[in-house]
Amino acid sequence: MKKKALNLFTLILSIFILMPNLAFGQEDLVDDGVIDLGTSADFPPYEYYEKDEIVGIDPDIVKAIGEYLGVEVKLHDMDFNNIIASIQSGKIDGGAAGFTVTEERKKSVNFTDTFAKTSQVVLVKKDSDIKDIEDLADSKKIGTQLGSIGHTLATDDFGEDYVQAFIKVPDAILSLQSGKIDAVIVDKQIAQSYADSSKDLDLLDSTYLEEEYAIAVNKENPLLLEKLNEAIGALKEDGTIDQIMAKYEGSEEIEKTDGIIGRFKANIIENGGYKYLVDGLKTTLLVTFFALILSFSLGLIIALVRAANAELGEELHGISGILLKVMDKIFAIFISIIRGTPSTIQLLIMFNVILVNLDNLILVAIISFALNSSAYMAELFRGGINSVSKGEKEAARSLGLSYYQMMKKLVMPQAIKNSLPALGNEIITLFKETSISGFIGLADLTRGASIVISQTFDAATAYFSAAIIYLVIVLLMEKIFKKMEKGYLYA
Ligand code: ARG
């Protein structure tokens with residue numbers, strides 16, 4: 001028993017020691033044959049989803065670049081706000097996400113030659129009293145995308161208190177439509193695209209700043225910058241870029257159905273939105289399931305080690321006593337760190353720092369959520385173990401049971417039973433917590449809903465559908481836990 005715990009401990013320790021080394025393993029991704037670019041597919045016509053595919057001006061341009069260079073180019077959907085950080089960490093080679101070239105950003109990434117002009121505009125509701133940019137100064141609530149130029153502009157001009165930052169553009173649009181904010185500052189073609197597809201939105205005539213788009217590139221890869229520029233130059237010259245722009249001009253009008261039921265039928269059922277929700281649900285369940293198995297095991301081990309230290313620490317001398325104490329300390333610190341930091345930050349650190357070279361997003365999520373949940377599991381198991389009375393334990397020991405036998409026969413069955421209600425809670429929390437997976441671009445259920453919204457511009461039906469799915473699963477889980485508790489009670 002002690003030996004097993006020791007082996008696992010060595011394993012965990014070596015993972016932690018090895019990880020930073022993995023993180024620094026730079027590889028030349030151009031030689032590798034694949035240029036990985038981050039995007040944020042919430043930005044029609046520049047990047048958005050059509051069926052399962054990210055389409056738009058940027059995807060078409062990078063595809064043409066790839067063909068020109070004879071290199072595979074892969075787009076990775078993530079939050080706009082994370083793209084530059086991911087480029088810097090080497091997670092991706094660059095970003096094609098309607099990136100405006102700015103001096104500030106040039107400190108962090110390189111930019112290719114520009115290939116399109118745009119401007120920031122103001123999107124309002126049709127009946128709005130905002131007629132000009134100046135009207136925004138009137139204590140209006142302004143929505144922007146986090147990390148975008150629109151966000152910087154709005155906070156500089158109107159003050160942070162009046163600006164709300166959204167991770168995804170459609171969320172800002174929804175807030176505008178529901179009247180929570182008064183305006184959205186966003187790039188012109190994108191605003192036009194949203195205005196075209198919903199009858200209650202309008203664009204102010206005055207524009208905010210002329211600007212230009214380019215592809216962002218990792219500063220440490222000048223060769224890639226050079227190659228991309230060469231390709232962009234050629235594609236400008238032979239008219240390919242103009243053709244791509246023309247293809248997306250005049251966004252298609254989406255037919256609008258009224259009434260939430262009608263919209264549900266149109267957007268979720270008929271247009272195939274449910275597919276993203278179903279696929280997302282699969283991912284959510286997969287992540288939850290494996291994270292649960294890992295966190296359950298790890299939590300149990302941590303609890304057992306810590307309980308053993310509490311009980312035997314004094315008795316044991318020599319190396320095993322010291323080892324137990326050290327492990328207890330390490331686990332205590334681990335639990336404090338996990339409980340003391342937001343799970344979103346933990347996930348982002350896993351993705352951007354520790355597991356930067358692990359491309360499998362599902363695995364990154366599983367590891368991150370497993371570690372997170374294991375800390376809580378450990379504490380609830382420890383509570384369960386402690387709930388077994390001292391007297392009972394002493395009786396068992398005086399009957400001649402070894403510590404191991406006592407734990408196995410007397411303590412753990414009771415401990416698990418006493419932990420069941422809290423364990424049920426933790427599993428439900430874990431399941432719902434996975435909804436932050438979208439932060440690293442994993443298409444879980446919540447992200448699936450966002451994808452549906454970016455296609456249909458209808459947030460209500462997509463979010464309600466996702467919420468109902470979460471609820472149904474949680475209710476199912478509760479039923480199962482009840483059954484298990486009962487089974488345990490009368491066993
Ligand atoms: N052009 C703006 C910027 O660079 C907004 C870009 C947002 N892109 C996106 N794919 N959501 O800040």
# chains A, B, ... in the order shown; residues from 1 in each chain; ligands from 1
$ closest_atom_pairs --of "chain A" --to "ligand 1" --cutoff "8 Å" --atoms "only C-alpha atoms and all ligand atoms" --output "tab-separated table"
residue	atom	partner	partner_atom_place_in_ligand_line	distance
A:Thr39	CA	ligand 1	10 (N)	5.8
A:Ser40	CA	ligand 1	10 (N)	4.1
A:Ala41	CA	ligand 1	10 (N)	5.6
A:Asp42	CA	ligand 1	11 (N)	5.4
A:Phe43	CA	ligand 1	10 (N)	4.9
A:Tyr46	CA	ligand 1	10 (N)	7.1
A:Glu47	CA	ligand 1	10 (N)	6.2
A:Asp79	CA	ligand 1	11 (N)	7.8
A:Phe80	CA	ligand 1	11 (N)	5.4
A:Ala96	CA	ligand 1	10 (N)	7.7
A:Ala97	CA	ligand 1	10 (N)	4.1
A:Gly98	CA	ligand 1	8 (N)	4.8
A:Phe99	CA	ligand 1	4 (O)	3.7
A:Thr100	CA	ligand 1	4 (O)	3.8
A:Val101	CA	ligand 1	4 (O)	6.9
A:Gln120	CA	ligand 1	1 (N)	7.9
A:Gln145	CA	ligand 1	7 (C)	7.1
A:Gly147	CA	ligand 1	12 (O)	6.3
A:Ser148	CA	ligand 1	12 (O)	3.2
A:Ile149	CA	ligand 1	12 (O)	3.7
A:Gly150	CA	ligand 1	12 (O)	6.3
A:His151	CA	ligand 1	12 (O)	7.7
A:Lys168	CA	ligand 1	11 (N)	6.9
A:Val169	CA	ligand 1	11 (N)	6.5
A:Val186	CA	ligand 1	5 (C)	6.8
A:Asp187	CA	ligand 1	1 (N)	5.9
A:Tyr213	CA	ligand 1	1 (N)	6.9
$ write_last_selection --atoms "N, CA and C atoms" --output "PDB file, in the first residue's frame"
ATOM      1  N   THR A  39      -7.301  31.464 -34.608  1.00  0.00           N
ATOM      2  CA  THR A  39      -8.329  32.361 -35.101  1.00  0.00           C
ATOM      3  C   THR A  39      -9.439  32.419 -34.067  1.00  0.00           C
ATOM      4  N   SER A  40     -10.413  33.280 -34.285  1.00  0.00           N
ATOM      5  CA  SER A  40     -11.558  33.340 -33.391  1.00  0.00           C
ATOM      6  C   SER A  40     -12.778  33.432 -34.289  1.00  0.00           C
ATOM      7  N   ALA A  41     -13.403  32.277 -34.496  1.00  0.00           N
ATOM      8  CA  ALA A  41     -14.418  32.173 -35.548  1.00  0.00           C
ATOM      9  C   ALA A  41     -15.772  32.730 -35.113  1.00  0.00           C
ATOM     10  N   ASP A  42     -15.737  34.001 -34.719  1.00  0.00           N
ATOM     11  CA  ASP A  42     -16.971  34.669 -34.294  1.00  0.00           C
ATOM     12  C   ASP A  42     -17.093  35.988 -35.045  1.00  0.00           C
ATOM     13  N   PHE A  43     -16.502  36.033 -36.239  1.00  0.00           N
ATOM     14  CA  PHE A  43     -16.204  37.304 -36.857  1.00  0.00           C
ATOM     15  C   PHE A  43     -16.566  37.300 -38.344  1.00  0.00           C
ATOM     16  N   TYR A  46     -15.057  37.554 -41.824  1.00  0.00           N
ATOM     17  CA  TYR A  46     -13.629  37.218 -41.786  1.00  0.00           C
ATOM     18  C   TYR A  46     -13.361  35.800 -41.314  1.00  0.00           C
ATOM     19  N   GLU A  47     -14.077  35.363 -40.284  1.00  0.00           N
ATOM     20  CA  GLU A  47     -13.972  33.958 -39.877  1.00  0.00           C
ATOM     21  C   GLU A  47     -15.212  33.567 -39.101  1.00  0.00           C
ATOM     22  N   ASP A  79     -10.231  31.768 -28.170  1.00  0.00           N
ATOM     23  CA  ASP A  79     -10.728  33.096 -27.827  1.00  0.00           C
ATOM     24  C   ASP A  79      -9.777  34.138 -28.397  1.00  0.00           C
ATOM     25  N   PHE A  80     -10.347  35.173 -28.971  1.00  0.00           N
ATOM     26  CA  PHE A  80      -9.503  36.200 -29.593  1.00  0.00           C
ATOM     27  C   PHE A  80      -8.444  36.703 -28.621  1.00  0.00           C
ATOM     28  N   ALA A  96      -4.536  34.360 -37.622  1.00  0.00           N
ATOM     29  CA  ALA A  96      -5.280  34.968 -38.723  1.00  0.00           C
ATOM     30  C   ALA A  96      -6.683  35.183 -38.191  1.00  0.00           C
ATOM     31  N   ALA A  97      -6.928  36.356 -37.648  1.00  0.00           N
ATOM     32  CA  ALA A  97      -8.187  36.576 -36.950  1.00  0.00           C
ATOM     33  C   ALA A  97      -8.664  38.014 -37.122  1.00  0.00           C
ATOM     34  N   GLY A  98      -8.497  38.531 -38.307  1.00  0.00           N
ATOM     35  CA  GLY A  98      -8.874  39.923 -38.520  1.00  0.00           C
ATOM     36  C   GLY A  98      -8.042  40.828 -37.631  1.00  0.00           C
ATOM     37  N   PHE A  99      -6.745  40.520 -37.544  1.00  0.00           N
ATOM     38  CA  PHE A  99      -5.860  41.269 -36.645  1.00  0.00           C
ATOM     39  C   PHE A  99      -5.539  42.649 -37.194  1.00  0.00           C
ATOM     40  N   THR A 100      -5.870  43.659 -36.442  1.00  0.00           N
ATOM     41  CA  THR A 100      -5.470  45.009 -36.786  1.00  0.00           C
ATOM     42  C   THR A 100      -4.013  45.191 -36.389  1.00  0.00           C
ATOM     43  N   VAL A 101      -3.244  45.790 -37.288  1.00  0.00           N
ATOM     44  CA  VAL A 101      -1.844  46.058 -36.988  1.00  0.00           C
ATOM     45  C   VAL A 101      -1.755  47.265 -36.057  1.00  0.00           C
ATOM     46  N   GLN A 120     -13.300  50.811 -37.356  1.00  0.00           N
ATOM     47  CA  GLN A 120     -14.178  50.450 -36.247  1.00  0.00           C
ATOM     48  C   GLN A 120     -15.466  51.263 -36.378  1.00  0.00           C
ATOM     49  N   GLN A 145     -15.259  43.396 -27.888  1.00  0.00           N
ATOM     50  CA  GLN A 145     -14.649  42.080 -27.691  1.00  0.00           C
ATOM     51  C   GLN A 145     -13.369  42.247 -26.882  1.00  0.00           C
ATOM     52  N   GLY A 147      -9.854  42.230 -25.637  1.00  0.00           N
ATOM     53  CA  GLY A 147      -8.569  42.165 -26.330  1.00  0.00           C
ATOM     54  C   GLY A 147      -8.560  42.788 -27.707  1.00  0.00           C
ATOM     55  N   SER A 148      -9.711  43.301 -28.144  1.00  0.00           N
ATOM     56  CA  SER A 148      -9.762  43.872 -29.491  1.00  0.00           C
ATOM     57  C   SER A 148      -9.439  45.359 -29.462  1.00  0.00           C
ATOM     58  N   ILE A 149      -9.190  45.886 -30.653  1.00  0.00           N
ATOM     59  CA  ILE A 149      -8.945  47.320 -30.799  1.00  0.00           C
ATOM     60  C   ILE A 149     -10.165  48.105 -30.321  1.00  0.00           C
ATOM     61  N   GLY A 150     -11.337  47.590 -30.642  1.00  0.00           N
ATOM     62  CA  GLY A 150     -12.569  48.264 -30.217  1.00  0.00           C
ATOM     63  C   GLY A 150     -12.586  48.447 -28.710  1.00  0.00           C
ATOM     64  N   HIS A 151     -12.079  47.435 -28.014  1.00  0.00           N
ATOM     65  CA  HIS A 151     -12.051  47.491 -26.557  1.00  0.00           C
ATOM     66  C   HIS A 151     -11.102  48.592 -26.076  1.00  0.00           C
ATOM     67  N   LYS A 168     -16.659  36.617 -26.758  1.00  0.00           N
ATOM     68  CA  LYS A 168     -17.049  36.355 -28.143  1.00  0.00           C
ATOM     69  C   LYS A 168     -17.982  37.461 -28.653  1.00  0.00           C
ATOM     70  N   VAL A 169     -17.804  37.817 -29.901  1.00  0.00           N
ATOM     71  CA  VAL A 169     -18.599  38.912 -30.478  1.00  0.00           C
ATOM     72  C   VAL A 169     -20.112  38.674 -30.379  1.00  0.00           C
ATOM     73  N   VAL A 186     -17.187  47.528 -33.039  1.00  0.00           N
ATOM     74  CA  VAL A 186     -16.598  46.347 -33.667  1.00  0.00           C
ATOM     75  C   VAL A 186     -16.190  46.722 -35.089  1.00  0.00           C
ATOM     76  N   ASP A 187     -15.436  45.842 -35.734  1.00  0.00           N
ATOM     77  CA  ASP A 187     -14.960  46.128 -37.089  1.00  0.00           C
ATOM     78  C   ASP A 187     -16.128  46.243 -38.074  1.00  0.00           C
ATOM     79  N   TYR A 213      -5.632  45.128 -41.734  1.00  0.00           N
ATOM     80  CA  TYR A 213      -5.507  43.761 -41.237  1.00  0.00           C
ATOM     81  C   TYR A 213      -4.226  43.102 -41.741  1.00  0.00           C
TER      82      TYR A 213
END
$ select_by_dssp --residues "range 86-262 of chain A" --states "strand (DSSP E or B)" --output "JSON, numbers by chain"
{"A": [94, 95, 96, 97, 98, 99, 100, 110, 111, 116, 117, 118, 119, 120, 121, 122, 123, 124, 125, 142, 143, 144, 145, 163, 164, 165, 166, 183, 184, 185, 186, 187, 201, 202, 203, 210, 211, 212, 213, 214, 215, 216, 217]}
$ write_last_selection --atoms "N, CA and C atoms" --output "short mmCIF file (atom, residue, chain, number, x, y, z; two decimals), in the first residue's frame"
data_model
loop_
_atom_site.label_atom_id
_atom_site.label_comp_id
_atom_site.auth_asym_id
_atom_site.auth_seq_id
_atom_site.Cartn_x
_atom_site.Cartn_y
_atom_site.Cartn_z
N GLY A 94 1.13 31.58 -35.43
CA GLY A 94 0.66 32.92 -35.76
C GLY A 94 -0.84 33.00 -35.59
N GLY A 95 -1.39 34.12 -36.04
CA GLY A 95 -2.84 34.28 -35.90
C GLY A 95 -3.43 34.94 -37.13
N ALA A 96 -4.54 34.36 -37.62
CA ALA A 96 -5.28 34.97 -38.72
C ALA A 96 -6.68 35.18 -38.19
N ALA A 97 -6.93 36.36 -37.65
CA ALA A 97 -8.19 36.58 -36.95
C ALA A 97 -8.66 38.01 -37.12
N GLY A 98 -8.50 38.53 -38.31
CA GLY A 98 -8.87 39.92 -38.52
C GLY A 98 -8.04 40.83 -37.63
N PHE A 99 -6.75 40.52 -37.54
CA PHE A 99 -5.86 41.27 -36.65
C PHE A 99 -5.54 42.65 -37.19
N THR A 100 -5.87 43.66 -36.44
CA THR A 100 -5.47 45.01 -36.79
C THR A 100 -4.01 45.19 -36.39
N ASN A 110 5.10 39.75 -34.64
CA ASN A 110 5.36 40.40 -35.92
C ASN A 110 4.09 40.42 -36.75
N PHE A 111 4.00 41.37 -37.67
CA PHE A 111 2.86 41.38 -38.58
C PHE A 111 3.33 41.25 -40.02
N ALA A 116 -5.89 44.10 -46.11
CA ALA A 116 -7.27 44.62 -46.16
C ALA A 116 -7.37 45.85 -45.30
N LYS A 117 -8.30 46.72 -45.67
CA LYS A 117 -8.54 47.92 -44.88
C LYS A 117 -9.86 47.77 -44.16
N THR A 118 -9.93 48.34 -43.00
CA THR A 118 -11.20 48.30 -42.29
C THR A 118 -11.29 49.51 -41.36
N SER A 119 -12.33 49.55 -40.57
CA SER A 119 -12.45 50.61 -39.58
C SER A 119 -13.34 50.10 -38.45
N GLN A 120 -13.30 50.81 -37.36
CA GLN A 120 -14.18 50.45 -36.25
C GLN A 120 -15.47 51.26 -36.38
N VAL A 121 -16.58 50.61 -36.16
CA VAL A 121 -17.85 51.33 -36.26
C VAL A 121 -18.69 51.01 -35.03
N VAL A 122 -19.80 51.72 -34.94
CA VAL A 122 -20.67 51.55 -33.79
C VAL A 122 -21.99 50.92 -34.23
N LEU A 123 -22.32 49.85 -33.57
CA LEU A 123 -23.57 49.13 -33.86
C LEU A 123 -24.56 49.45 -32.74
N VAL A 124 -25.77 49.85 -33.11
CA VAL A 124 -26.78 50.17 -32.10
C VAL A 124 -28.10 49.51 -32.47
N LYS A 125 -29.05 49.63 -31.56
CA LYS A 125 -30.39 49.12 -31.90
C LYS A 125 -31.09 50.14 -32.79
N ILE A 142 -21.11 50.40 -23.40
CA ILE A 142 -20.58 50.00 -24.69
C ILE A 142 -20.00 48.60 -24.60
N GLY A 143 -20.40 47.76 -25.52
CA GLY A 143 -19.87 46.40 -25.55
C GLY A 143 -18.75 46.28 -26.57
N THR A 144 -17.73 45.47 -26.23
CA THR A 144 -16.62 45.25 -27.16
C THR A 144 -16.14 43.81 -26.99
N GLN A 145 -15.26 43.40 -27.89
CA GLN A 145 -14.65 42.08 -27.69
C GLN A 145 -13.37 42.25 -26.88
N VAL A 163 -17.51 50.43 -20.28
CA VAL A 163 -17.21 49.45 -21.31
C VAL A 163 -17.33 48.03 -20.75
N GLN A 164 -18.00 47.21 -21.51
CA GLN A 164 -18.11 45.81 -21.10
C GLN A 164 -17.41 44.96 -22.15
N ALA A 165 -16.52 44.09 -21.70
CA ALA A 165 -15.77 43.27 -22.66
C ALA A 165 -16.36 41.87 -22.71
N PHE A 166 -16.58 41.38 -23.90
CA PHE A 166 -17.13 40.04 -24.10
C PHE A 166 -16.06 39.17 -24.75
N ALA A 183 -24.52 49.97 -27.13
CA ALA A 183 -23.81 49.98 -28.40
C ALA A 183 -22.72 48.93 -28.39
N VAL A 184 -22.29 48.53 -29.58
CA VAL A 184 -21.15 47.63 -29.69
C VAL A 184 -20.16 48.27 -30.66
N ILE A 185 -18.90 48.36 -30.25
CA ILE A 185 -17.88 48.85 -31.16
C ILE A 185 -17.14 47.65 -31.72
N VAL A 186 -17.19 47.53 -33.04
CA VAL A 186 -16.60 46.35 -33.67
C VAL A 186 -16.19 46.72 -35.09
N ASP A 187 -15.44 45.84 -35.73
CA ASP A 187 -14.96 46.13 -37.09
C ASP A 187 -16.13 46.24 -38.07
N LEU A 201 -30.96 45.82 -35.70
CA LEU A 201 -29.67 46.48 -35.50
C LEU A 201 -29.33 47.45 -36.63
N ASP A 202 -28.62 48.50 -36.26
CA ASP A 202 -28.23 49.52 -37.21
C ASP A 202 -26.79 49.94 -36.99
N LEU A 203 -26.17 50.42 -38.04
CA LEU A 203 -24.79 50.87 -37.97
C LEU A 203 -24.76 52.39 -38.02
N GLU A 210 -9.36 54.47 -39.34
CA GLU A 210 -9.05 53.56 -40.45
C GLU A 210 -7.94 52.63 -39.98
N GLU A 211 -8.01 51.41 -40.36
CA GLU A 211 -6.97 50.49 -39.91
C GLU A 211 -6.77 49.38 -40.94
N GLU A 212 -5.77 48.54 -40.67
CA GLU A 212 -5.46 47.50 -41.66
C GLU A 212 -5.25 46.14 -40.99
N TYR A 213 -5.63 45.13 -41.73
CA TYR A 213 -5.51 43.76 -41.24
C TYR A 213 -4.23 43.10 -41.74
N ALA A 214 -3.67 42.24 -40.89
CA ALA A 214 -2.53 41.42 -41.32
C ALA A 214 -2.54 40.13 -40.51
N ILE A 215 -1.63 39.26 -40.82
CA ILE A 215 -1.50 38.02 -40.05
C ILE A 215 -0.41 38.24 -39.00
N ALA A 216 -0.68 37.83 -37.79
CA ALA A 216 0.32 37.95 -36.72
C ALA A 216 1.22 36.72 -36.74
N VAL A 217 2.49 36.93 -36.48
CA VAL A 217 3.46 35.83 -36.55
C VAL A 217 4.37 35.86 -35.33
#
$ closest_residue --among "A:Val73, A:Val452, A:Ala332, A:Leu153" --to "Asp171 in chain A" --atoms "only C-alpha atoms"
A:Val452
$ closest_residue --among "A:Ile181, A:Leu292, A:Leu430, A:Met78" --to "Ser128 in chain A" --atoms "only C-alpha atoms"
A:Ile181
$ atom_distance --atom1 "CA of Leu410 in chain A" --atom2 "CA of Glu478 in chain A"
27.3 Å
$ closest_residue --among "A:His317, A:Lys107, A:Lys51, A:Lys219" --to "Ser89 in chain A" --atoms "only C-alpha atoms"
A:Lys219
$ closest_residue --among "A:Arg382, A:Lys282, A:Lys180, A:Lys236" --to "Ala308 in chain A" --atoms "only C-alpha atoms"
A:Arg382
$ closest_residue --among "A:Met477, A:Ala365, A:Ala462, A:Ile453" --to "Ile428 in chain A" --atoms "only C-alpha atoms"
A:Met477
$ select_by_dssp --residues "range 95-131 of chain A" --states "helix (DSSP H, G or I)" --output "number ranges by chain"
A: 103-106
$ write_last_selection --atoms "N, CA, C and O atoms" --output "compact mmCIF listing (two decimals), in the first residue's frame"
# COMPACT_ATOMS: atom_id res chain seq x y z
N GLU A 103 0.97 49.39 -33.10
CA GLU A 103 2.32 49.50 -32.55
C GLU A 103 2.45 48.69 -31.27
O GLU A 103 3.45 48.03 -31.02
N GLU A 104 1.40 48.75 -30.46
CA GLU A 104 1.39 48.03 -29.19
C GLU A 104 1.60 46.53 -29.43
O GLU A 104 2.42 45.89 -28.78
N ARG A 105 0.85 46.00 -30.35
CA ARG A 105 0.93 44.56 -30.62
C ARG A 105 2.27 44.18 -31.23
O ARG A 105 2.73 43.05 -31.07
N LYS A 106 2.89 45.13 -31.94
CA LYS A 106 4.18 44.82 -32.58
C LYS A 106 5.25 44.50 -31.55
O LYS A 106 6.28 43.92 -31.88
$ atom_distance --atom1 "CA of Ile451 in chain A" --atom2 "CA of Leu471 in chain A"
20.0 Å
$ atom_distance --atom1 "CA of Asp359 in chain A" --atom2 "CA of Leu37 in chain A"
12.9 Å
$ residues_around --residues "Arg263 in chain A" --least-positions-apart "2" --cutoff "12 Å" --atoms "only C-alpha atoms" --output "PDB file with N, CA and C atoms, in the first residue's frame"
ATOM      1  N   GLU A 255     -32.769  34.503 -43.186  1.00  0.00           N
ATOM      2  CA  GLU A 255     -34.201  34.652 -42.936  1.00  0.00           C
ATOM      3  C   GLU A 255     -34.454  34.647 -41.447  1.00  0.00           C
ATOM      4  N   LYS A 256     -35.216  35.597 -40.981  1.00  0.00           N
ATOM      5  CA  LYS A 256     -35.464  35.675 -39.544  1.00  0.00           C
ATOM      6  C   LYS A 256     -36.854  35.157 -39.209  1.00  0.00           C
ATOM      7  N   THR A 257     -36.900  34.246 -38.290  1.00  0.00           N
ATOM      8  CA  THR A 257     -38.192  33.738 -37.849  1.00  0.00           C
ATOM      9  C   THR A 257     -38.465  34.353 -36.485  1.00  0.00           C
ATOM     10  N   ASP A 258     -39.712  34.643 -36.236  1.00  0.00           N
ATOM     11  CA  ASP A 258     -40.042  35.233 -34.944  1.00  0.00           C
ATOM     12  C   ASP A 258     -40.484  34.162 -33.961  1.00  0.00           C
ATOM     13  N   GLY A 259     -40.426  34.521 -32.693  1.00  0.00           N
ATOM     14  CA  GLY A 259     -40.907  33.600 -31.659  1.00  0.00           C
ATOM     15  C   GLY A 259     -39.833  32.590 -31.323  1.00  0.00           C
ATOM     16  N   ILE A 260     -39.680  32.335 -30.037  1.00  0.00           N
ATOM     17  CA  ILE A 260     -38.572  31.482 -29.630  1.00  0.00           C
ATOM     18  C   ILE A 260     -38.738  30.051 -30.135  1.00  0.00           C
ATOM     19  N   ILE A 261     -39.980  29.576 -30.180  1.00  0.00           N
ATOM     20  CA  ILE A 261     -40.204  28.203 -30.659  1.00  0.00           C
ATOM     21  C   ILE A 261     -39.858  28.110 -32.146  1.00  0.00           C
ATOM     22  N   LYS A 265     -36.882  25.918 -33.805  1.00  0.00           N
ATOM     23  CA  LYS A 265     -37.074  24.961 -34.896  1.00  0.00           C
ATOM     24  C   LYS A 265     -36.141  25.276 -36.062  1.00  0.00           C
ATOM     25  N   ALA A 266     -36.083  26.576 -36.385  1.00  0.00           N
ATOM     26  CA  ALA A 266     -35.272  26.960 -37.543  1.00  0.00           C
ATOM     27  C   ALA A 266     -33.784  26.814 -37.253  1.00  0.00           C
ATOM     28  N   ASN A 267     -33.342  27.386 -36.149  1.00  0.00           N
ATOM     29  CA  ASN A 267     -31.894  27.475 -35.907  1.00  0.00           C
ATOM     30  C   ASN A 267     -31.279  26.213 -35.324  1.00  0.00           C
ATOM     31  N   ILE A 268     -31.989  25.588 -34.426  1.00  0.00           N
ATOM     32  CA  ILE A 268     -31.397  24.418 -33.758  1.00  0.00           C
ATOM     33  C   ILE A 268     -31.686  23.141 -34.542  1.00  0.00           C
ATOM     34  N   ILE A 269     -32.938  22.993 -34.987  1.00  0.00           N
ATOM     35  CA  ILE A 269     -33.295  21.733 -35.655  1.00  0.00           C
ATOM     36  C   ILE A 269     -32.969  21.783 -37.153  1.00  0.00           C
ATOM     37  N   GLU A 270     -33.637  22.694 -37.868  1.00  0.00           N
ATOM     38  CA  GLU A 270     -33.533  22.637 -39.328  1.00  0.00           C
ATOM     39  C   GLU A 270     -32.147  23.009 -39.850  1.00  0.00           C
ATOM     40  N   ASN A 271     -31.543  24.035 -39.281  1.00  0.00           N
ATOM     41  CA  ASN A 271     -30.214  24.437 -39.768  1.00  0.00           C
ATOM     42  C   ASN A 271     -29.094  23.586 -39.188  1.00  0.00           C
ATOM     43  N   GLY A 273     -28.130  23.133 -36.048  1.00  0.00           N
ATOM     44  CA  GLY A 273     -27.419  23.612 -34.860  1.00  0.00           C
ATOM     45  C   GLY A 273     -27.262  22.531 -33.808  1.00  0.00           C
ATOM     46  N   ILE A 453     -24.453  30.082 -32.317  1.00  0.00           N
ATOM     47  CA  ILE A 453     -24.800  31.510 -32.317  1.00  0.00           C
ATOM     48  C   ILE A 453     -24.051  32.265 -33.410  1.00  0.00           C
ATOM     49  N   THR A 456     -26.081  31.598 -36.477  1.00  0.00           N
ATOM     50  CA  THR A 456     -27.496  31.966 -36.555  1.00  0.00           C
ATOM     51  C   THR A 456     -27.764  33.358 -35.996  1.00  0.00           C
ATOM     52  N   PHE A 457     -26.787  33.920 -35.303  1.00  0.00           N
ATOM     53  CA  PHE A 457     -26.952  35.219 -34.631  1.00  0.00           C
ATOM     54  C   PHE A 457     -28.112  35.191 -33.657  1.00  0.00           C
ATOM     55  N   ASP A 458     -28.423  34.041 -33.153  1.00  0.00           N
ATOM     56  CA  ASP A 458     -29.538  33.935 -32.221  1.00  0.00           C
ATOM     57  C   ASP A 458     -29.018  33.236 -30.965  1.00  0.00           C
ATOM     58  N   ALA A 459     -28.745  34.033 -29.947  1.00  0.00           N
ATOM     59  CA  ALA A 459     -28.125  33.477 -28.748  1.00  0.00           C
ATOM     60  C   ALA A 459     -29.127  32.749 -27.862  1.00  0.00           C
ATOM     61  N   ALA A 460     -30.349  33.273 -27.816  1.00  0.00           N
ATOM     62  CA  ALA A 460     -31.304  32.729 -26.853  1.00  0.00           C
ATOM     63  C   ALA A 460     -31.534  31.234 -27.057  1.00  0.00           C
ATOM     64  N   THR A 461     -31.854  30.836 -28.272  1.00  0.00           N
ATOM     65  CA  THR A 461     -32.197  29.422 -28.479  1.00  0.00           C
ATOM     66  C   THR A 461     -30.992  28.523 -28.218  1.00  0.00           C
ATOM     67  N   ALA A 462     -29.806  28.966 -28.648  1.00  0.00           N
ATOM     68  CA  ALA A 462     -28.625  28.117 -28.470  1.00  0.00           C
ATOM     69  C   ALA A 462     -28.272  27.968 -26.990  1.00  0.00           C
ATOM     70  N   PHE A 464     -30.247  28.481 -24.367  1.00  0.00           N
ATOM     71  CA  PHE A 464     -31.298  27.734 -23.659  1.00  0.00           C
ATOM     72  C   PHE A 464     -31.157  26.243 -23.922  1.00  0.00           C
ATOM     73  N   SER A 465     -30.890  25.901 -25.166  1.00  0.00           N
ATOM     74  CA  SER A 465     -30.755  24.474 -25.491  1.00  0.00           C
ATOM     75  C   SER A 465     -29.610  23.866 -24.692  1.00  0.00           C
TER      76      SER A 465
END
$ residues_around --residues "Ser295 in chain A" --least-positions-apart "3" --cutoff "12 Å" --atoms "only C-alpha atoms" --output "VMD selection string"
chain A and resid 287 to 292 298 to 303 366 to 381 423 426 to 427 430
$ decode --residues "range 460-477 of chain A" --atoms "C-alpha atoms" --output "mmCIF file, in the first residue's frame"
data_model
loop_
_atom_site.group_PDB
_atom_site.id
_atom_site.type_symbol
_atom_site.label_atom_id
_atom_site.label_comp_id
_atom_site.auth_asym_id
_atom_site.auth_seq_id
_atom_site.Cartn_x
_atom_site.Cartn_y
_atom_site.Cartn_z
ATOM 1 C CA ALA A 460 -31.304 32.729 -26.853
ATOM 2 C CA THR A 461 -32.197 29.422 -28.479
ATOM 3 C CA ALA A 462 -28.625 28.117 -28.470
ATOM 4 C CA TYR A 463 -27.913 28.998 -24.846
ATOM 5 C CA PHE A 464 -31.298 27.734 -23.659
ATOM 6 C CA SER A 465 -30.755 24.474 -25.491
ATOM 7 C CA ALA A 466 -27.324 24.042 -23.929
ATOM 8 C CA ALA A 467 -28.666 24.950 -20.487
ATOM 9 C CA ILE A 468 -31.448 22.392 -20.783
ATOM 10 C CA ILE A 469 -28.980 19.698 -21.818
ATOM 11 C CA TYR A 470 -26.759 20.484 -18.805
ATOM 12 C CA LEU A 471 -29.786 20.437 -16.543
ATOM 13 C CA VAL A 472 -31.075 17.120 -17.850
ATOM 14 C CA ILE A 473 -27.693 15.485 -17.351
ATOM 15 C CA VAL A 474 -27.377 16.892 -13.836
ATOM 16 C CA LEU A 475 -30.859 15.651 -12.954
ATOM 17 C CA LEU A 476 -29.899 12.237 -14.282
ATOM 18 C CA MET A 477 -26.723 12.296 -12.212
#
